[in-house]
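Trainee: One structure, as structure tokens, below. Some questions next.
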2 protein chains.
Amino acid sequence: MRFRKKIQALLRQDLISETGKVDHSSPLAPPGFPDIPSIAGLGMAAGDAGIKYSGRDDLAVWVLDSGTRAAGLFTRSALPAAPIDVTREHIRSASPRALVVNSANANAFTGMQGLEDCRTIAKVTAEALGCKPQEVLMASTGVIGEPLPVKRITDRIPEVVGNIAPDGWQAVAKAIMTTDTFAKGASARASVDGQPVTLCGVAKGSGMIAPNMATMLAFCFTDAEILQAQLHEMLINSAERTFNAITVDSDTSTSDMLLLFATGKACNIPPQGADDPRFKGFREALDELLKDLAMQVVRDGEGASKLIEVRITGAMSDASARKMAESIANSPLVKTAIAGGDANWGRIIMALGKSGESIKAENLLIRIGGEMVAKGGQRAENHDESLISRHLEGSEILIEAELQMGDGEFTVWTCDLTHGYISINADYRS
Amino acid sequence: MRFRKKIQALLRQDLISETGKVDHSSPLAPPGFPDIPSIAGLGMAAGDAGIKYSGRDDLAVWVLDSGTRAAGLFTRSALPAAPIDVTREHIRSASPRALVVNSANANAFTGMQGLEDCRTIAKVTAEALGCKPQEVLMASTGVIGEPLPVKRITDRIPEVVGNIAPDGWQAVAKAIMTTDTFAKGASARASVDGQPVTLCGVAKGSGMIAPNMATMLAFCFTDAEILQAQLHEMLINSAERTFNAITVDSDTSTSDMLLLFATGKACNIPPQGADDPRFKGFREALDELLKDLAMQVVRDGEGASKLIEVRITGAMSDASARKMAESIANSPLVKTAIAGGDANWGRIIMALGKSGESIKAENLLIRIGGEMVAKGGQRAENHDESLISRHLEGSEILIEAELQMGDGEFTVWTCDLTHGYISINADYRS
């Protein structure tokens, strides 16, 4: 008990800054928000609806020209938030003209009133823009189970819509943050038939991150012209090894959503299929964009001090490799060992063993930072502990397990589990 | 980074006692080691083999009269430790005469040498006792991947065997501890055909605890006469809702083992089947013994400050209820909220939603400490937050979810996730 009291005293004295917020800025944060170009046919603006946070924006609106197509991936939670239901329905029925996102309240487990609130937001936004309510998509993130103060949002929407501009990525990225310590944005470029196309996106998320969906919220946009079926298939394929390959704490939110909008302003000839060779560069750029955003989410993992890459090769299948990678990446004992800079590879063995996949111990090779630690069913002779210790002192950790059983491979990214995670999640309601 | 340094300084200054051990005694520890009776046909002794720990016993030996039957449940890890393989083989082939257990080294992922070391221990023990090597069972617990210092163990076995006595439960319970903060033992009594029978056991474990097997190590003994097939079935049935219904951190060890020995000295007529009505009292006493030991393991969960009972009722099946209970009990966000005394029931919704089971939101009732917090697909009106806050200040927390979909029910026990867990697991190699 003495321990707990000391920690609490510490938190109160030193870690709570003058603004009343706990100081938990990520040591893995990028140096600053990137330059992100504008996308033809897209505008955006942020505003302060005063939902809960004071002195910061909590509302973001994107407006899309007519003719835009959209595809979405949504949380697999059996208890999804109201905006998930409504956006899923709207994305099927119409070409979207707007996306409205609020932070500070998830509008989740809010019953019929929650759905009603979504319809009110759609109606008010549609009136401000002169479009139909079904053309409005929406997302909410924040506390679960509290009624959405919908009037605060709808009162602010006309003003925010009036401020729509082609740029302002950092402002919208900031407005959708909850426990995030930095705003997340990225862009990528490609060409289709020699024609340049642009891809941009923002994301938020730092806890409750796990497949599937590992996104929390991510909104991506391109000026390429792509029909909805192909857009959807490309999004699924790219998410598989990016947003669906990251985990912070194995918890999955009720509100996760990944949307991809294509305004079609680049005037290219649309792809004939998701694997159309003319779109190879586009697919690579989409992979790059989603990976960039997904890595920013892991780097902002609650309390994270190290980014961990878990790479499984030589498994019986990709699916088997994925299960093993996730078992390691979600193991609290592996994640605490990395936090402590401890080359305790026995915990990697433990996590592989509990994955439910069959493993030949005598074939298994395990490397930390490229240095072999286990081989032939036992510890590797002559491995250099000091090399591994130096690797573990760094902020990017590589764990590799080679099964030598087949061609299956999968990589998962996670972060370490530190006192910071406990402080963020035990000490106040997020 | 300032945070981490402060914590580390704290740990070094205040928490590391003069003996060099981190002070993390559990606030949930029982007042003392219980009085445990002797069992006819069973002797025991502990000794110090100096494997790694200094100044404490790390070797325990139990000796059983001939005619004893044994049943075992073992880790489902795909990479089990060497003693798991050997004990599984021996328990099938012979009536056991001895059980040898060491702490401080798990003899796991130690290749052919690990198996060889097990055979050496069996041979030396058999020589000391005048029995066959296949009549010796064994278990090891501690660090994974380091060669077992087998000579230290075999050098000490003759002396420990020479000290065998009918009592000494606390000494053997202490000798098998690793990161445990207290020795775990229990007993229960029943009668068969009016004849009294006794059941006793010891256990160890405080991290790397999850179904299946959630045991770490548990060794139980009775003087009842029960044939092996029935003994095995009774053990499986009792473990299902005790040792297989607890979780500390969702991690499963390579070395988990639960053994039940029946010396047969009570001279009762053996049961005709595992559900023989003459053994109803015995089965209840076995449930009681295993639950008592399992609860002690959860109470000693690494860093635990609260025992959490997660009770699911009204599910479509017991299996479905179990999946939902485990999803809540393993959620880091639920466990940190409880640690912080935060009635953040949205995280319970999140954990139910991600369980993969179908749920009717409008039927779902959620209670914390008996007080309804969610009902009819939204937060319950008029619930008394102060009642819940008082409940969360206590050390035993009850979370209930009633699905109102069927008759399935399951209860899982876990503990909260605190700074103590991080300190224990991040700051030194266990």
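For the structure tokens, the naming scheme is as follows: chains receive sequential letters (A, B, ...) according to their order of presentation, residues are indexed from 1 within each chain, and ligands are indexed from 1 in presentation order.
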Can I get the residues of chain A within 6 Å of chain B, each with the closest pair of atoms and their distance in Å to one decimal, using only C-alpha atoms, sorted chain first then ascending number, as JSON lines?
Mentor:
```
{"residue": "A:Ser77", "atom": "CA", "partner": "B:Gly353", "partner_atom": "CA", "distance": 4.4}
{"residue": "A:Ala78", "atom": "CA", "partner": "B:Gly353", "partner_atom": "CA", "distance": 4.4}
{"residue": "A:Leu79", "atom": "CA", "partner": "B:Gly353", "partner_atom": "CA", "distance": 4.7}
{"residue": "A:Phe109", "atom": "CA", "partner": "B:Gln378", "partner_atom": "CA", "distance": 5.1}
{"residue": "A:Thr110", "atom": "CA", "partner": "B:Gln378", "partner_atom": "CA", "distance": 4.6}
{"residue": "A:Gly111", "atom": "CA", "partner": "B:Gly377", "partner_atom": "CA", "distance": 4.8}
{"residue": "A:Ile144", "atom": "CA", "partner": "B:Gly346", "partner_atom": "CA", "distance": 4.7}
{"residue": "A:Gly145", "atom": "CA", "partner": "B:Gly346", "partner_atom": "CA", "distance": 5.8}
{"residue": "A:Thr252", "atom": "CA", "partner": "B:Lys354", "partner_atom": "CA", "distance": 5.9}
{"residue": "A:Ser253", "atom": "CA", "partner": "B:Met350", "partner_atom": "CA", "distance": 5.9}
{"residue": "A:Thr254", "atom": "CA", "partner": "B:Met350", "partner_atom": "CA", "distance": 5.8}
{"residue": "A:Thr336", "atom": "CA", "partner": "B:Ala426", "partner_atom": "CA", "distance": 4.5}
{"residue": "A:Ala337", "atom": "CA", "partner": "B:Ala426", "partner_atom": "CA", "distance": 4.8}
{"residue": "A:Ala339", "atom": "CA", "partner": "B:Ala426", "partner_atom": "CA", "distance": 5.8}
{"residue": "A:Gly340", "atom": "CA", "partner": "B:Ala426", "partner_atom": "CA", "distance": 4.2}
{"residue": "A:Gly346", "atom": "CA", "partner": "B:Ile144", "partner_atom": "CA", "distance": 4.7}
{"residue": "A:Met350", "atom": "CA", "partner": "B:Thr254", "partner_atom": "CA", "distance": 5.8}
{"residue": "A:Gly353", "atom": "CA", "partner": "B:Ala78", "partner_atom": "CA", "distance": 4.4}
{"residue": "A:Lys354", "atom": "CA", "partner": "B:Ser77", "partner_atom": "CA", "distance": 4.7}
{"residue": "A:Ser358", "atom": "CA", "partner": "B:Ala78", "partner_atom": "CA", "distance": 5.9}
{"residue": "A:Gly377", "atom": "CA", "partner": "B:Gly111", "partner_atom": "CA", "distance": 4.7}
{"residue": "A:Gln378", "atom": "CA", "partner": "B:Thr110", "partner_atom": "CA", "distance": 4.6}
{"residue": "A:Arg379", "atom": "CA", "partner": "B:Gly145", "partner_atom": "CA", "distance": 5.9}
{"residue": "A:His419", "atom": "CA", "partner": "B:His419", "partner_atom": "CA", "distance": 5.7}
{"residue": "A:Asn425", "atom": "CA", "partner": "B:Thr336", "partner_atom": "CA", "distance": 5.6}
{"residue": "A:Ala426", "atom": "CA", "partner": "B:Gly340", "partner_atom": "CA", "distance": 4.2}
{"residue": "A:Asp427", "atom": "CA", "partner": "B:Gly340", "partner_atom": "CA", "distance": 5.2}
```
Trainee: Limited to N, CA and C atoms, could you put the picked residues into a file as a tab-separated table (two decimals), in the first residue's frame?
Mentor:
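New file again.tsv:
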```
chain	number	residue	atom	x	y	z
A	77	SER	N	-16.98	-4.85	-32.76
A	77	SER	CA	-17.66	-4.96	-31.46
A	77	SER	C	-19.12	-5.34	-31.65
A	78	ALA	N	-19.60	-6.22	-30.77
A	78	ALA	CA	-21.02	-6.60	-30.80
A	78	ALA	C	-21.90	-5.49	-30.21
A	79	LEU	N	-21.27	-4.48	-29.62
A	79	LEU	CA	-22.01	-3.36	-29.04
A	79	LEU	C	-21.47	-2.05	-29.64
A	109	PHE	N	-23.44	3.06	-26.46
A	109	PHE	CA	-24.33	2.51	-25.45
A	109	PHE	C	-25.24	3.62	-24.92
A	110	THR	N	-25.84	4.33	-25.88
A	110	THR	CA	-26.72	5.45	-25.55
A	110	THR	C	-28.14	5.21	-26.06
A	111	GLY	N	-28.41	3.96	-26.48
A	111	GLY	CA	-29.78	3.56	-26.79
A	111	GLY	C	-30.39	4.30	-27.97
A	144	ILE	N	-17.74	6.37	-23.02
A	144	ILE	CA	-18.85	5.49	-23.41
A	144	ILE	C	-19.97	5.64	-22.39
A	145	GLY	N	-21.22	5.66	-22.87
A	145	GLY	CA	-22.37	5.52	-21.97
A	145	GLY	C	-22.95	6.82	-21.46
A	252	THR	N	-10.51	-3.52	-27.81
A	252	THR	CA	-11.12	-3.04	-29.06
A	252	THR	C	-12.25	-2.09	-28.72
A	253	SER	N	-12.22	-0.92	-29.31
A	253	SER	CA	-13.22	0.09	-28.98
A	253	SER	C	-14.57	-0.20	-29.65
A	254	THR	N	-15.61	0.41	-29.10
A	254	THR	CA	-16.94	0.32	-29.68
A	254	THR	C	-17.10	1.24	-30.89
A	336	THR	N	6.17	-5.82	-20.55
A	336	THR	CA	6.83	-5.25	-19.37
A	336	THR	C	8.33	-5.54	-19.40
A	337	ALA	N	8.71	-6.71	-19.92
A	337	ALA	CA	10.15	-7.01	-20.01
A	337	ALA	C	10.84	-6.00	-20.92
A	339	ALA	N	9.79	-2.98	-21.58
A	339	ALA	CA	9.79	-1.70	-20.86
A	339	ALA	C	10.98	-1.62	-19.92
A	340	GLY	N	11.32	-2.75	-19.30
A	340	GLY	CA	12.43	-2.78	-18.35
A	340	GLY	C	13.78	-3.02	-19.00
A	346	GLY	N	12.62	-15.84	-22.54
A	346	GLY	CA	11.74	-16.93	-22.09
A	346	GLY	C	10.28	-16.53	-22.19
A	350	MET	N	7.14	-18.35	-23.94
A	350	MET	CA	5.84	-18.52	-23.28
A	350	MET	C	4.72	-18.05	-24.19
A	353	GLY	N	4.17	-20.29	-27.12
A	353	GLY	CA	3.59	-21.55	-26.66
A	353	GLY	C	2.10	-21.46	-26.41
A	354	LYS	N	1.63	-20.28	-25.94
A	354	LYS	CA	0.21	-20.16	-25.60
A	354	LYS	C	-0.64	-19.71	-26.79
A	358	SER	N	0.73	-24.85	-33.56
A	358	SER	CA	1.73	-25.89	-33.32
A	358	SER	C	3.11	-25.39	-33.77
A	377	GLY	N	15.85	-25.61	-29.98
A	377	GLY	CA	15.10	-26.02	-28.79
A	377	GLY	C	15.73	-25.61	-27.49
A	378	GLN	N	16.73	-24.73	-27.54
A	378	GLN	CA	17.35	-24.23	-26.31
A	378	GLN	C	17.99	-22.87	-26.55
A	379	ARG	N	18.59	-22.29	-25.53
A	379	ARG	CA	19.18	-20.98	-25.75
A	379	ARG	C	20.35	-21.09	-26.72
A	419	HIS	N	4.59	2.03	-16.50
A	419	HIS	CA	3.84	2.73	-15.45
A	419	HIS	C	2.92	3.79	-16.05
A	425	ASN	N	-4.67	5.21	-17.29
A	425	ASN	CA	-5.94	4.50	-17.28
A	425	ASN	C	-6.51	4.22	-15.90
A	426	ALA	N	-5.69	4.31	-14.86
A	426	ALA	CA	-6.20	4.02	-13.52
A	426	ALA	C	-6.57	5.31	-12.79
A	427	ASP	N	-6.01	6.41	-13.22
A	427	ASP	CA	-6.08	7.58	-12.36
A	427	ASP	C	-7.14	8.61	-12.74
```
Trainee: Identify, with DSSP run on backbone atoms, the residues in segment 95-325 of chain B assigned to strand (DSSP E), and express the list as a ChimeraX atom specification.
Mentor: /B:98-105,136-143,184-192,195-204,217-222,257-262,307-315
Trainee: So which residues touch segment 313-316 of chain A within 8 Å, counting only C-alpha atoms, skipping near sequence neighbours fewer than 5 positions away, as a PyMOL selection string?
Mentor: chain A and resi 321+400-410
Trainee: Can you tell me which residues surround Ala139 of chain B at a distance of at most 8 Å, considering only C-alpha atoms, apart from same-chain residues fewer than 3 positions away, and format the answer as a list in words?
Mentor: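 Returned residues: Pro83, Ile84, Thr87, Leu99, Val100, Val101, Asn102, Leu217, Ser255 and Met257 of chain B.
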Trainee: What lies within 10 Å of Pro34 of chain B using only C-alpha atoms, ignoring chain neighbours under 3 positions off, as a VMD selection string?
Mentor: chain B and resid 30 to 31 37 169 to 170 183 to 187
Trainee: May I ask for the distance between atom CA of Gly130 of chain A and atom CA of Thr198 of chain A, given in Å to one decimal place?
Mentor: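 Going from atom CA of Gly130 of chain A over to atom CA of Thr198 of chain A, I get 27.3 Å.
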Trainee: Give me the residues near Leu231 of chain A as number ranges by chain, where near means some atom within 12 Å (using only C-alpha atoms) and where sequence neighbours in that chain fewer than 2 positions away do not count.
Mentor: A: 68-73, 220-222, 224-229, 233-238, 259-264, 270-276, 279, 282-283, 286
Trainee: Mind writing the picked residues with C-alpha atoms as a PDB file, in the first residue's frame?
Mentor:
```pdb
ATOM      1  CA  THR A  68     -17.198  11.386 -54.164  1.00  0.00           C
ATOM      2  CA  ARG A  69     -17.112   7.661 -53.348  1.00  0.00           C
ATOM      3  CA  ALA A  70     -16.394   6.272 -49.884  1.00  0.00           C
ATOM      4  CA  ALA A  71     -15.478   2.932 -48.324  1.00  0.00           C
ATOM      5  CA  GLY A  72     -15.358   2.083 -44.633  1.00  0.00           C
ATOM      6  CA  LEU A  73     -14.143  -0.523 -42.177  1.00  0.00           C
ATOM      7  CA  CYS A 220      -8.241   9.141 -45.562  1.00  0.00           C
ATOM      8  CA  PHE A 221      -8.869  11.011 -48.773  1.00  0.00           C
ATOM      9  CA  THR A 222      -7.664  10.870 -52.374  1.00  0.00           C
ATOM     10  CA  ALA A 224      -8.219   9.596 -57.611  1.00  0.00           C
ATOM     11  CA  GLU A 225     -11.366   8.323 -59.279  1.00  0.00           C
ATOM     12  CA  ILE A 226     -12.168   4.830 -58.026  1.00  0.00           C
ATOM     13  CA  LEU A 227     -15.546   3.086 -57.984  1.00  0.00           C
ATOM     14  CA  GLN A 228     -16.894   2.024 -54.628  1.00  0.00           C
ATOM     15  CA  ALA A 229     -16.382  -1.748 -54.930  1.00  0.00           C
ATOM     16  CA  GLU A 233     -11.409  -3.895 -51.643  1.00  0.00           C
ATOM     17  CA  MET A 234      -8.258  -1.755 -51.763  1.00  0.00           C
ATOM     18  CA  LEU A 235      -9.009  -0.415 -48.284  1.00  0.00           C
ATOM     19  CA  ILE A 236      -9.478  -3.911 -46.833  1.00  0.00           C
ATOM     20  CA  ASN A 237      -6.251  -5.124 -48.425  1.00  0.00           C
ATOM     21  CA  SER A 238      -4.190  -2.186 -47.172  1.00  0.00           C
ATOM     22  CA  LEU A 259     -12.916   5.641 -43.929  1.00  0.00           C
ATOM     23  CA  LEU A 260     -11.430   6.252 -47.381  1.00  0.00           C
ATOM     24  CA  PHE A 261     -12.933   8.880 -49.656  1.00  0.00           C
ATOM     25  CA  ALA A 262     -12.158   9.300 -53.368  1.00  0.00           C
ATOM     26  CA  THR A 263     -13.240  12.653 -54.798  1.00  0.00           C
ATOM     27  CA  GLY A 264     -12.485  11.639 -58.386  1.00  0.00           C
ATOM     28  CA  PRO A 270     -11.069   4.175 -62.747  1.00  0.00           C
ATOM     29  CA  PRO A 271      -9.512   0.749 -62.082  1.00  0.00           C
ATOM     30  CA  GLN A 272     -11.152  -2.310 -63.659  1.00  0.00           C
ATOM     31  CA  GLY A 273     -10.568  -4.278 -60.453  1.00  0.00           C
ATOM     32  CA  ALA A 274      -8.838  -3.795 -57.105  1.00  0.00           C
ATOM     33  CA  ASP A 275      -5.747  -5.497 -58.534  1.00  0.00           C
ATOM     34  CA  ASP A 276      -5.672  -3.452 -61.781  1.00  0.00           C
ATOM     35  CA  PHE A 279      -3.104   1.132 -59.845  1.00  0.00           C
ATOM     36  CA  PHE A 282      -1.734   3.849 -55.950  1.00  0.00           C
ATOM     37  CA  ARG A 283      -2.028   0.684 -53.850  1.00  0.00           C
ATOM     38  CA  LEU A 286      -2.297   3.674 -49.852  1.00  0.00           C
TER      39      LEU A 286
END
```
Trainee: Residues of segment 225-386 of chain B classed as helix (DSSP H, G or I) by DSSP on the backbone are to be reported as JSON, numbers by chain.
Mentor: {"B": [228, 229, 230, 231, 232, 233, 234, 235, 236, 237, 238, 239, 240, 243, 244, 245, 277, 278, 279, 280, 281, 282, 283, 284, 285, 286, 287, 288, 289, 290, 291, 292, 293, 294, 295, 296, 297, 298, 299, 318, 319, 320, 321, 322, 323, 324, 325, 326, 327, 328, 329, 332, 333, 334, 335, 336, 337, 338, 339, 346, 347, 348, 349, 350, 351, 352, 353, 361, 362, 363, 385, 386]}
Trainee: Report, in Å to a single decimal, how far apart atom CA of Arg92 of chain B and atom CA of His232 of chain B are.
Mentor: 11.2 Å
Trainee: Nearest residue to Ser206 of chain A out of A:Gly162, A:Pro133, A:Gly194, A:Gly301, using only C-alpha atoms?
Mentor: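 Checking each candidate against Ser206 of chain A, we get A:Gly301 as the closest.
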Trainee: Got a sec: who's within 7 Å of Leu290 of chain B, counting only C-alpha atoms, leaving out chain neighbours fewer than 4 positions off, as a PyMOL selection string?
Mentor: chain B and resi 239+242-243+286+294
Trainee: I need the residues from that last selection saved to file as a short mmCIF file (atom, residue, chain, number, x, y, z; two decimals), in the first residue's frame (with C-alpha atoms), if you can.
Mentor:
```cif
data_model
loop_
_atom_site.label_atom_id
_atom_site.label_comp_id
_atom_site.auth_asym_id
_atom_site.auth_seq_id
_atom_site.Cartn_x
_atom_site.Cartn_y
_atom_site.Cartn_z
CA ALA B 239 -10.68 -27.49 -12.19
CA THR B 242 -11.78 -23.06 -10.17
CA PHE B 243 -8.25 -23.13 -11.58
CA LEU B 286 -12.48 -31.14 -3.92
CA ALA B 294 -7.11 -20.81 -6.92
#
```
Trainee: Tell me, in Å to one decimal, how far atom CA of Phe182 of chain A is from atom CA of Gly281 of chain A.
Mentor: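 These two atoms are separated by 29.4 Å.
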